[in-house]
Every structure is written in structure tokens, then in C-alpha cells.
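Participant: The structure follows.
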Amino acid sequence: MKKHTEARLEDAIVDSLTREGGFELVDYRHGPAAGRYDKALALDPALVLGFIQTTQPKVWHSLQAIHQGDTPKVVLDHLAKELDTKGMLKVLRQGFKCYGKKLRVAVFAPSNAMNPDTLALYGHNQLTVTRQLYYSDAHSKSLDLVLFLNGLPIATAELKNPLSGQTVEDAKRQYKRDRDARELLFEFKKRALVHFAVDQDQVFMATRLSGDKTFFLPFNLGDHGHAGNPPAADGGYRTAYLWREVWQRDSLLDIVGRFMHLQEEDKRILTDEGIKKIHKETMIFPRYHQLDAVRKLVAHAQAHGPGRNYLVQHSAGSGKSNSIAWLAHRLSSLHDAADKKVFDSVIVVTDRQVLDAQLQDTIYQFEHKQGVVQKIDEDTRQLAQALAGGTPIVITTLQKFPFITETLDKLRKENHPGIAIDTQDKQFAVIVDEAHSSQSGENAMELKGVLNAHRIEEEAAQYVAEHGLDADEDEADPLAGVVREMRKRGKQSNLSFFAFTATPKFKTKKVFDEPGPNGQSPFHLYTMRQAIEEKFILDVLKHYITYEAYFRLVQVGDDDPHVERKKAARALARTLTFHEVNLRSKTEVMVEHFRTHVRHKIGGRAKAMVVTDGRLHAVRYKQTFDAYIAEKGYTDVKTLVAFSGTVEDPRFPGKSLTEVGMNGGIKEKELPEKFESAEYQVLLVAEKYQTGFDQPLLHTMYVDKKLTGLQAVQTLSRLNRSCAGKEDTFILDFRNTPEEIFAAFKPYYEDTPTDPLTDAQHLYRLHHQIEETGLIFEEEVNAFCAVYFKSVRKHSMSDHAAMNGVLDQAVDRFKELDEEDREETKALLVNFRNLYAFMSQVIPYQDSDLEKLYTYLRFLLTKLPRREGGGTVQLDEEVELQYYRLQKIGEGRIDLNAGQAQPLKGPSDVGTGQEDTPIRLSELIDLLNERFGTDFTQADQLFFDQIQEEAVQSDVLQQAVDNNSIEDFRYVFEKAFESLVIDRMEGNEEIFGKLMADGEFRKLAQEDLMHKVYRSLKNRKPR
């Protein structure tokens, strides 16, 4: 017997399934089952009919009374037609009808053991495995393995053994080339639901066979953050988890019954006839990390109950929406070992509309009934009613919770006595989509307060009673309010949070702290590295190009004022950012790069995004892009711009610019769809679309903005979505270094440890430091909180004035401090506020003094005056750009596999930072020129000065300036420029040679001189 062939792998799998996996071996080639498989129907009639007769005898007998001996044929005919029209998955779950009688072909496990009849029927399911199934009369080809449920084929597998020279890649090729998708067994939806390609090391799966277009997804465990599988613990096959765990009887039935679903979406595609709308169907089989995460979360919640905070760190491309849908559905029906429901309601907190629809569609396929999921898309009243009515799954935003209490009061006043959220003995699961944006803050506290209202009220009353204040209602009332606020922080015994994110911050890991396999958060991990290696997402740092601008500024003002170094440096940088030469030069690089390197990608559908420094920057870029494109006569590049609100451009006082106006009337909601169309190729953005924007055709990003940390990861990751024909991405960066981008991405590439939590005593040290400043007095804090924490029924019109009056006393004392003391004191107050907001979620301080000080400071800080001279410095009239050169300085891959990530850092003391010392403007300009300057000499400067002087004396150019805009003047100047340079050739042959040989240098010099000459002639005095 040969030990290295795929038959030996087949032996091992079948032996494991039949001994331990709950399967029976049915061999259609030998023994009693020989010839029983019906190739025309692609099922096993005997097993199908046997299950129906055993589990539904009354229905079978009623059909038999009508059809007599034809009953088996009639039932199978109806079944085959229903499979063809409804599909295998729906028939397995919902059954089919035969002459008005409903017949079931499978029974799935109930969520609890309270229905023994259903459990008994579940036990009658028969899973069988068949080796070498000859599935067609047209040829003699066979499948290595087919898995049947009650005679219906649900999964196929092709096995390979690397020891015999073939791997899983050969198995995939076999499905693509040797398995005809038109064969009934392989027809999408109608019979087998999933197809596995398996060898000893790896597993892949596909749910639709379509020749060479068949798309196989990896179905591997992951190997310490990498793709693939680790060595088996018992020294056997690395892929043994597939048949021992996934294909095991209860597991496979659970996947078919409660994971698999048909995802439907309408898409617009570009055809030769224009935009065409198509309906796309995808059969979803969970990827291993999704299956593993959901099952482990559910098992832990079932064993330990509510009161836990879980973090699921799953990379982009992990299928997070489906994971959330599966988790929400299972938690909504989860029962513990005593058959008590673990959670009364599941609340999904998200701002994504796509998740709303997907959740509802997915869960409807499992439940097939309305009312299980309610999306809160109206107002807070709708949310209050959903929670009061016990809706199993509620989808909402975090921002609605602060208004719940107020809404309930209004409903009661409107004679809705039945509307009340009774949280007594109620347990809630809260699933948070994108944890870092929803983990803390006052909105999250209000969510906890609403869902835990009954317990909080009880604890507040108990606290007040313990302090002997029952008799004095005026004193007890605000103290109870303080306690209510404290109890909203930290873990709640009746709430479990399940937070999903690809990029957790330090705070996220400390708040959602349920330990995973390594003993710390996250509870479940699917790394960016594994997602890239498994090709679910693209490596956006693989092709990274960096440019740097070299320039020389000169001071043109008569004065040389002292300026604050940092502010003045920012002002000078802003002057350069908006300079026409800078914008024009970068625009030319981007447009030409797009047309040369990007436009043809993804079948000619590739898109690009320009990340700008702000709203005005986006406006100027839009104008510069469109002007350059029109000047060049390009018809294959068209832009859109995205920014919020209105922008005032100082060049055109009184004129307001909007996104809609600059996009020719395209509404904000229409923009993503318009950008996807063939009409537009480049999207210029200011803040918008840098997170949560999912456009697979986005191929290239041009970055003219400083990006740091999480912002860099989220922004650049807009490129990582994969689609057919997308093989790579580009990033062209004008502002960031490869080292900076590496430092930003590395912590999220693999599992990154966190620094230890700040010492719990640190808050008390800060509290003492605040007391030592002499700015804050305990009496005023108490007076403010006495008003703020009064119950709603005691509120009066004078409360707002009273709170302001208390705060103003500290504000007046603050104004008396000198500038340095102000900044140090304010930094101390900010540090306490931020640290308490975070630490109180992790450490149960339960200290009313800390809570009151925090509340007081939240409002005081909004009233403290800002630092004098805090505005921006304007230096536009003081400096002039003398030379400018844009140069590519690097191109290649930023390799995240190298080096070590720095641990995620927690909040620390806020200092005043380095003092912003005054410096003369001339000195600052020299420093900037030294950092970014060119290698021009005084002789070079004289050469250009002489050309400029001669151009200003030209009558032709003077006349052109008088009668033309700068864009029309450009054509006249370009013709004059060459003769001006030639006339001065002997004065500097080196620079002349550079101008003639280097086209890019000549363009930049010409552009710079043109602006100077035009400005000089425009401002000249009349002769």
C-alpha cells in the first residue's frame, strides 16, 4: 500500500468522520448503496425519502393516500423543482411543499432545550460521506469526497497530497478546469453549497464554480499572525481541524443552519452600452477566523454571562459586517446551561448604513420573520419604544442615547404610560462597530445609564442612605445625581460589550479587556499581516513614492519683526502650501502620474484620491487641477471635490464656495456613486472620505497632508480593498516620510502589546496639584454640582445662570494669572479631565469628589479664555518664494515585516511643551531655507534677477499684462521666455545648460518668473 498518495489522506478523513465526526460512510460503488445515487437529480433518493418518512409520518401517509405507489416519485419531483427555483439553502431551512403539504428535509438545533420534540427531530438528521462519487453519465470523472445531509449534497472536496507531487493549487485547478459548473451537482445554489480544495497543509473553499473565474478563499487557521496553518499539536496533518472540527456533525449543521446565507446586492457596471444595473448573488460561507471568533464569543458569554468587555481586532477585509450579523443573531437567542436567556436584547451601535441593511437581510434568512431586527432611523422616541418593547436586535447610533431620558419624560406627559424601559433584571449585549470611536465619552456613559437605569437608581439610593441623608431631600438629591454618574462608568454587571475594530488604541485595549489566548486583550485577533498574505486586502505600502519640495524664501518687507517660532513657521508653511507655483507643480506631477501609471489599471477603471491639508486647500487644488486639465486638453481625467460646509477664499471676498457648487450640482449623497462611474477619476478630499469609505476601484492616493498614527493608517487603508483586476496600489506622498508611515502602521500590522496602565493613585496626585494652584475651591465645585445634578423635576429657569455664576468666579481668578501660569494650570486641568474620563472606565474609583471635580472641569474649561495671540500669524506679504523645486526622493516598499512596533502608549501628563521663543523673521527664513533650500548660488540668483528685470521693461509684456488674465498672459510669456534666456546665455552657461536640458527645471523656473513679472507689471506706477 502506497503511503504517500491522496488516497491515504482520503482514508484518514473518512476514518475520522465516521469514528468521531457523526458521519456514516455511503459507498455508491459497492455494497447495499451501490447505484443508489441519482445522477439526474443529484441526490440520494433513499436517504431523502427515509428522513421524510421517519420524521413526518402523518404528512407522508396523507400524500400516500392520494398518490399510492407514485408517492416517492411525486415527492422527489416536487423537491427537485423547489431546489431549482428556491435553492438548496432555503429548502434545507424552510422545507418545500408537495400538493399543499409542507415537507422538511432537515431539522436544525434549537437555541435551547425547552422543546424536546425539536431536539428529537434534530437527532434524526443523517450525515453521510461518500468517496469517489461518479456524478455524471456524460463522463467517468469522480469527486474525492462529497458530504450529504439526509441525502442532499451540501459540500464537495478535492484532496491532494504534496508527497505525491500535487498541492492544494492542483485541487483548485481541478475545480476550475475539470468540473463543469453546468453539471447539476455544481450549479450555483441548486445543489452543493461549498467546494473545498484540501491538502495536508492548506484549505481553500469556493461557493460558486465558474471555470477560470472561480474564486477560492483561504480557510486556514492562521499561523501566529501569518497566513497558513501551524503544525498540528498531535504531529499529524496541519489541516486536520477541517474534518475534526468544522465538518464534525453538529458544527456543519450549525454552519448550514445559522451561518451560511445568500448575500444580494445591486451594482452598476460600465458596459459598451453605458451604465448597466446588475443583481449580484454571493453564497456566504464563513471564513475560519469569522467562525472561530463568533463561536468563542458566544461560548464565553454563555459560560460567564453578562458584565464582560470583549475586543475583536479584525483587520480590514475580514468580513466584519458578516461577523457582526452572525454574532448579533446568536446572542439574541443565546441561553445558558439552565436554559435561561443570557441577553434580553442586543444593541448594535454603528454609523454605517450598509451594515444596517446587511444585518437585516442576513438575519431575516435565519429567522424568516419580521420584527427581529429594528433599525432606529427616525428619532430617539423610536429607540425608546424599541428598547421598551424588547426588540431582539436594535440597530442605532450612540448619539441617540443622551436624549432617551428626556424622551421618556415627554412620552409619559403625552399619556403613554406603557412606554418605559424597565431594566430591572434585564441583560443587554452591546455590539460596537469601530470600537475606538465609541468606547468612551459622555454618549457611551448615557448608553450604560439607560440600559442599567434600575440598578443605578438602587445604588444611588443606597449610597445616599448610607450617608444618612434620607431626611434632607435637598442635600440628598444632588448627591444621588453624582452617584448615578459614577455608576455609569466602568463595567456594568448586566451589560456585555463586543467591540470590533482593525485599529485599537491604547484606551480601547484597556477598556475592552477580556483576555484572549495570550492572557490580554484582544479577545480575538485577525491581523493585517494575515489579511494581506491571504490576499483579502492589498498591501498599500508596497509601492510608496515620496516627493520633497525644495525652496528658497526671501523677505520682502522693510521690517524684520520678532515672531513666535512655531506659529511663524506654520504661517510660512501655509504660504508655501497655497502658493500657485507649489499647487501647479504638484498638480502637474499628480495628473501626469495618473495618466501615465494609473489610468489603465483595473481594466481602465482605476480611481485616485488627493488628500489635502484642509478645505481651502481642497478648493484651490480643485481649481488648479481643472485649469491644468483644460490647458492640456485632457479628456480622460475629471475631478470631484469633497469638503463640508462653505469655504471663503480670501482671493474672492464675499464669495462662498460649496462642494455641490464646485461639483456642478452633484448632491453630497450622490457623490460616491458619481465617483464610481466612468465619468470621474480623481476625488480631492478635505477630511471627508478618509475613513469608512469603501471603493474597491480606488487605486492611487496622492497625499499633501501631514498624517500621523491612526489617522495615517485609516486614510491610506482606503486603498486596500480588492476587486477583480486590481493587483497593486500606489501612494505618492508630498508630506510624510517612509519612517513616519512605518511607525504609524506597524502597531496594527500584528498584535502589539500595550504599556502598563497608569498608576491608579495618579488621579489623586493630580487632584492635589489642582488644589495647590489656588484656582479651584471645593465650595464652588459643590455649589456647581448641587445645581447640575438636581433631578429633572426640580430644574428651574435660573439653573443655567447659577452654574455660570459659579464658573465665572474661577474664570476671573484665571485671568489674573500671568501667561505662563495660565498655560500650566490649564494643562493640569485638561489632564485631569481626560485621565478621569478614561481611568474611571477601568478602575472603580467610586469617589464622589473625583466625579464632581471632573464634571465641574468639563464646563469650566469651555469658559477659560484662550491664550492671547492664539490666532494664526499672517506673513503672506512679508515673504516671497524665490526658488522652488519638486523632486522625487524615494520609491519602493515600506516593509512592515521589518523592525519592532513600539507598545501602544497610554495617556500621560500634559505639559506646556517647549516654550515658543521669539525669533527674527529673517532668521527663521534662513533656517527654513537651510532645511529645504536648493543649491542655487548668488550667480544663479543674479541670472534670474536680470531676466526678470529685462522682462519687466518689455513693452510687449506690459501690454499683455494690461489686457489679459494671468492664464492668458502665460502664452505670451512662454514665447518671450526662451529669447530672454538665450540673450543672457553668456552670463551663466551652467544655469543656461540646465534650463535647456532639464524640462522640469525649465517649467518651474518659467512658472516662477511669469508670476513675478506679472505681479510686478500689474503693480507698476503709470508712466
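Chain lettering (A, B, ...) mirrors the order of the C-alpha cells, residue numbering begins at 1 for each chain separately, and ligand numbering begins at 1 in order of display.
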For Trp243 in chain A, list every protein, DNA or RNA residue within 8 Å, evaluated using only C-alpha atoms, and leave out those in the same chain fewer than 2 positions away; present the list as a ChimeraX atom specification.
Facilitator: /A:13,16-17,21,240-241,245-248
Participant: Which polymer residues have any atom within 8 Å of an atom of range 691-705 of chain A, counting only C-alpha atoms, with same-chain residues fewer than 2 positions away left out, as a PyMOL selection string?
Facilitator: chain A and resi 590+598+601-602+605-613+676+688-689+707+714-716+718-723+726+728-736
Participant: Atoms to include: N, CA and C atoms. Write the selected residues as a compact mmCIF listing (two decimals), in the first residue's frame.
Facilitator:
# COMPACT_ATOMS: atom_id res chain seq x y z
N MET A 590 0.84 65.02 -10.22
CA MET A 590 -0.26 64.08 -9.96
C MET A 590 -1.02 63.72 -11.23
N VAL A 598 -1.55 55.11 -13.80
CA VAL A 598 -2.73 54.66 -13.06
C VAL A 598 -3.95 54.43 -13.94
N LYS A 601 -5.07 51.01 -15.12
CA LYS A 601 -5.19 49.92 -14.14
C LYS A 601 -6.66 49.51 -13.97
N ILE A 602 -6.86 48.30 -13.43
CA ILE A 602 -8.19 47.73 -13.15
C ILE A 602 -9.07 47.85 -14.39
N ARG A 605 -10.45 51.33 -15.17
CA ARG A 605 -11.45 51.90 -14.26
C ARG A 605 -10.83 52.48 -12.99
N ALA A 606 -9.51 52.52 -12.89
CA ALA A 606 -8.84 52.92 -11.65
C ALA A 606 -9.15 54.37 -11.27
N LYS A 607 -9.27 54.59 -9.95
CA LYS A 607 -9.56 55.91 -9.40
C LYS A 607 -8.40 56.36 -8.52
N ALA A 608 -8.34 57.67 -8.29
CA ALA A 608 -7.32 58.23 -7.40
C ALA A 608 -7.96 59.21 -6.43
N MET A 609 -7.35 59.36 -5.27
CA MET A 609 -7.80 60.32 -4.26
C MET A 609 -6.63 61.24 -3.91
N VAL A 610 -6.92 62.53 -3.82
CA VAL A 610 -5.93 63.51 -3.38
C VAL A 610 -6.32 63.95 -1.97
N VAL A 611 -5.44 63.71 -1.00
CA VAL A 611 -5.71 64.07 0.39
C VAL A 611 -5.07 65.43 0.65
N THR A 612 -5.91 66.43 0.87
CA THR A 612 -5.42 67.80 1.00
C THR A 612 -5.36 68.23 2.47
N ASP A 613 -4.77 69.38 2.69
CA ASP A 613 -4.47 69.85 4.04
C ASP A 613 -5.66 70.50 4.74
N GLU A 676 -17.79 56.57 -8.60
CA GLU A 676 -17.63 55.20 -9.08
C GLU A 676 -17.86 55.10 -10.58
N LYS A 688 -13.15 64.53 4.63
CA LYS A 688 -14.17 63.56 4.25
C LYS A 688 -13.57 62.39 3.47
N TYR A 689 -14.25 61.25 3.56
CA TYR A 689 -13.90 60.03 2.81
C TYR A 689 -12.54 59.44 3.16
N LEU A 707 0.20 63.26 7.99
CA LEU A 707 -0.60 62.19 8.59
C LEU A 707 0.21 61.56 9.72
N GLN A 714 -5.78 54.78 8.84
CA GLN A 714 -7.16 54.80 8.33
C GLN A 714 -7.24 55.45 6.96
N THR A 715 -6.48 56.52 6.76
CA THR A 715 -6.53 57.22 5.48
C THR A 715 -5.95 56.37 4.35
N LEU A 716 -4.73 55.88 4.52
CA LEU A 716 -4.08 55.13 3.46
C LEU A 716 -4.75 53.78 3.22
N ARG A 718 -7.74 53.23 2.79
CA ARG A 718 -8.84 53.32 1.82
C ARG A 718 -8.48 52.60 0.53
N LEU A 719 -7.18 52.40 0.29
CA LEU A 719 -6.74 51.76 -0.96
C LEU A 719 -6.78 50.24 -0.92
N ASN A 720 -6.94 49.63 0.28
CA ASN A 720 -6.62 48.21 0.39
C ASN A 720 -7.71 47.27 -0.10
N ARG A 721 -8.90 47.78 -0.45
CA ARG A 721 -9.98 46.90 -0.89
C ARG A 721 -9.62 46.25 -2.22
N SER A 722 -9.86 44.96 -2.29
CA SER A 722 -9.52 44.21 -3.51
C SER A 722 -10.74 44.09 -4.40
N CYS A 723 -10.51 43.92 -5.68
CA CYS A 723 -11.58 43.63 -6.63
C CYS A 723 -10.94 42.99 -7.85
N LYS A 726 -7.61 44.19 -9.82
CA LYS A 726 -6.80 45.10 -9.02
C LYS A 726 -5.65 44.32 -8.40
N ASP A 728 -2.41 45.92 -7.58
CA ASP A 728 -1.47 46.71 -6.79
C ASP A 728 -2.09 48.06 -6.47
N THR A 729 -1.35 48.89 -5.74
CA THR A 729 -1.77 50.26 -5.42
C THR A 729 -0.55 51.16 -5.49
N PHE A 730 -0.79 52.48 -5.54
CA PHE A 730 0.27 53.48 -5.48
C PHE A 730 -0.05 54.48 -4.38
N ILE A 731 0.97 54.93 -3.69
CA ILE A 731 0.84 56.12 -2.85
C ILE A 731 1.97 57.07 -3.23
N LEU A 732 1.61 58.31 -3.56
CA LEU A 732 2.60 59.34 -3.85
C LEU A 732 2.44 60.41 -2.77
N ASP A 733 3.46 60.58 -1.96
CA ASP A 733 3.35 61.38 -0.74
C ASP A 733 4.28 62.59 -0.82
N PHE A 734 3.70 63.79 -0.66
CA PHE A 734 4.49 65.01 -0.68
C PHE A 734 4.90 65.48 0.72
N ARG A 735 4.31 64.88 1.77
CA ARG A 735 4.46 65.48 3.09
C ARG A 735 5.02 64.56 4.18
N ASN A 736 4.97 63.26 3.99
CA ASN A 736 5.37 62.33 5.06
C ASN A 736 6.55 61.49 4.61
Participant: Counting only C-alpha atoms, what is within 6 Å of Phe204 in chain A, bar same-chain residues fewer than 3 positions away, as a PyMOL selection string?
Facilitator: chain A and resi 196-197+216-219
Participant: May I have all residues of range 120-209 of chain A that DSSP, computed from the backbone, assigns to strand (DSSP E or B), given as number ranges by chain?
Facilitator: A: 127-134, 142-149, 152-159, 194-198, 203-206
Participant: Please write the residues from the selection above to a file, keeping C-alpha atoms, as a JSON list (two decimals), in the first residue's frame.
Facilitator:
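Result saved to result_5.json:
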[["chain", "number", "residue", "atom", "x", "y", "z"],
["A", 127, "LEU", "CA", -24.88, 12.99, 7.61],
["A", 128, "THR", "CA", -23.02, 10.79, 5.17],
["A", 129, "VAL", "CA", -19.68, 10.94, 3.41],
["A", 130, "THR", "CA", -19.02, 9.37, 0.02],
["A", 131, "ARG", "CA", -15.67, 8.59, -1.58],
["A", 132, "GLN", "CA", -15.04, 8.84, -5.32],
["A", 133, "LEU", "CA", -18.56, 9.86, -6.34],
["A", 134, "TYR", "CA", -19.14, 9.40, -10.07],
["A", 142, "SER", "CA", -15.33, 11.36, -9.87],
["A", 143, "LEU", "CA", -15.11, 13.60, -6.84],
["A", 144, "ASP", "CA", -12.80, 12.66, -3.98],
["A", 145, "LEU", "CA", -15.35, 13.41, -1.24],
["A", 146, "VAL", "CA", -18.98, 14.55, -1.07],
["A", 147, "LEU", "CA", -20.79, 15.34, 2.19],
["A", 148, "PHE", "CA", -24.57, 14.73, 2.27],
["A", 149, "LEU", "CA", -27.25, 15.88, 4.69],
["A", 152, "LEU", "CA", -28.80, 16.12, -0.21],
["A", 153, "PRO", "CA", -25.25, 17.09, -1.26],
["A", 154, "ILE", "CA", -24.03, 20.10, 0.69],
["A", 155, "ALA", "CA", -20.23, 20.05, 0.25],
["A", 156, "THR", "CA", -17.63, 18.58, -2.10],
["A", 157, "ALA", "CA", -13.87, 18.25, -1.68],
["A", 158, "GLU", "CA", -10.85, 17.56, -3.88],
["A", 159, "LEU", "CA", -7.84, 16.24, -1.99],
["A", 194, "VAL", "CA", -19.49, 24.83, -0.94],
["A", 195, "HIS", "CA", -16.42, 23.22, -2.52],
["A", 196, "PHE", "CA", -13.17, 22.59, -0.66],
["A", 197, "ALA", "CA", -9.65, 22.26, -2.09],
["A", 198, "VAL", "CA", -7.55, 20.46, 0.51],
["A", 203, "VAL", "CA", -7.55, 24.55, 2.80],
["A", 204, "PHE", "CA", -9.38, 26.80, 0.33],
["A", 205, "MET", "CA", -13.09, 26.99, -0.42],
["A", 206, "ALA", "CA", -15.44, 28.40, -3.07]]
Participant: Quick one: residues within 9 Å of range 759-776 of chain A, only C-alpha atoms counted, chain neighbours fewer than 6 positions away excluded, as a PyMOL selection string?
Facilitator: chain A and resi 810-811+813-814+825+828-829+831-832+835-836+839+843+845+850+853
Participant: Give me the residues near range 501-517 of chain A as number ranges by chain, where near means some atom within 8 Å (using only C-alpha atoms) and where sequence neighbours in that chain fewer than 2 positions away do not count.
Facilitator: A: 308-316, 433-436, 439, 497, 499, 519-524, 528, 710, 748, 754, 757, 838, 841-842, 904-906
Participant: Find the distance between CA of Leu383 in chain A and CA of Gln302 in chain A and write it in Å to one decimal.
Facilitator: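 Calculated distance between CA of Leu383 in chain A and CA of Gln302 in chain A is 26.6 Å.
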Participant: My list of candidates is A:Ala712, A:Ala388, A:Val256, A:Ala181. Which is closest to Ala109 in chain A when distances are computed with only C-alpha atoms?
Facilitator: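 So, comparing all the options, the nearest one is A:Val256.
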Participant: Which residues come within 7 Å of range 262-264 of chain A, counting only C-alpha atoms, excluding same-chain residues fewer than 3 positions away, as a ChimeraX atom specification?
Facilitator: /A:280-284
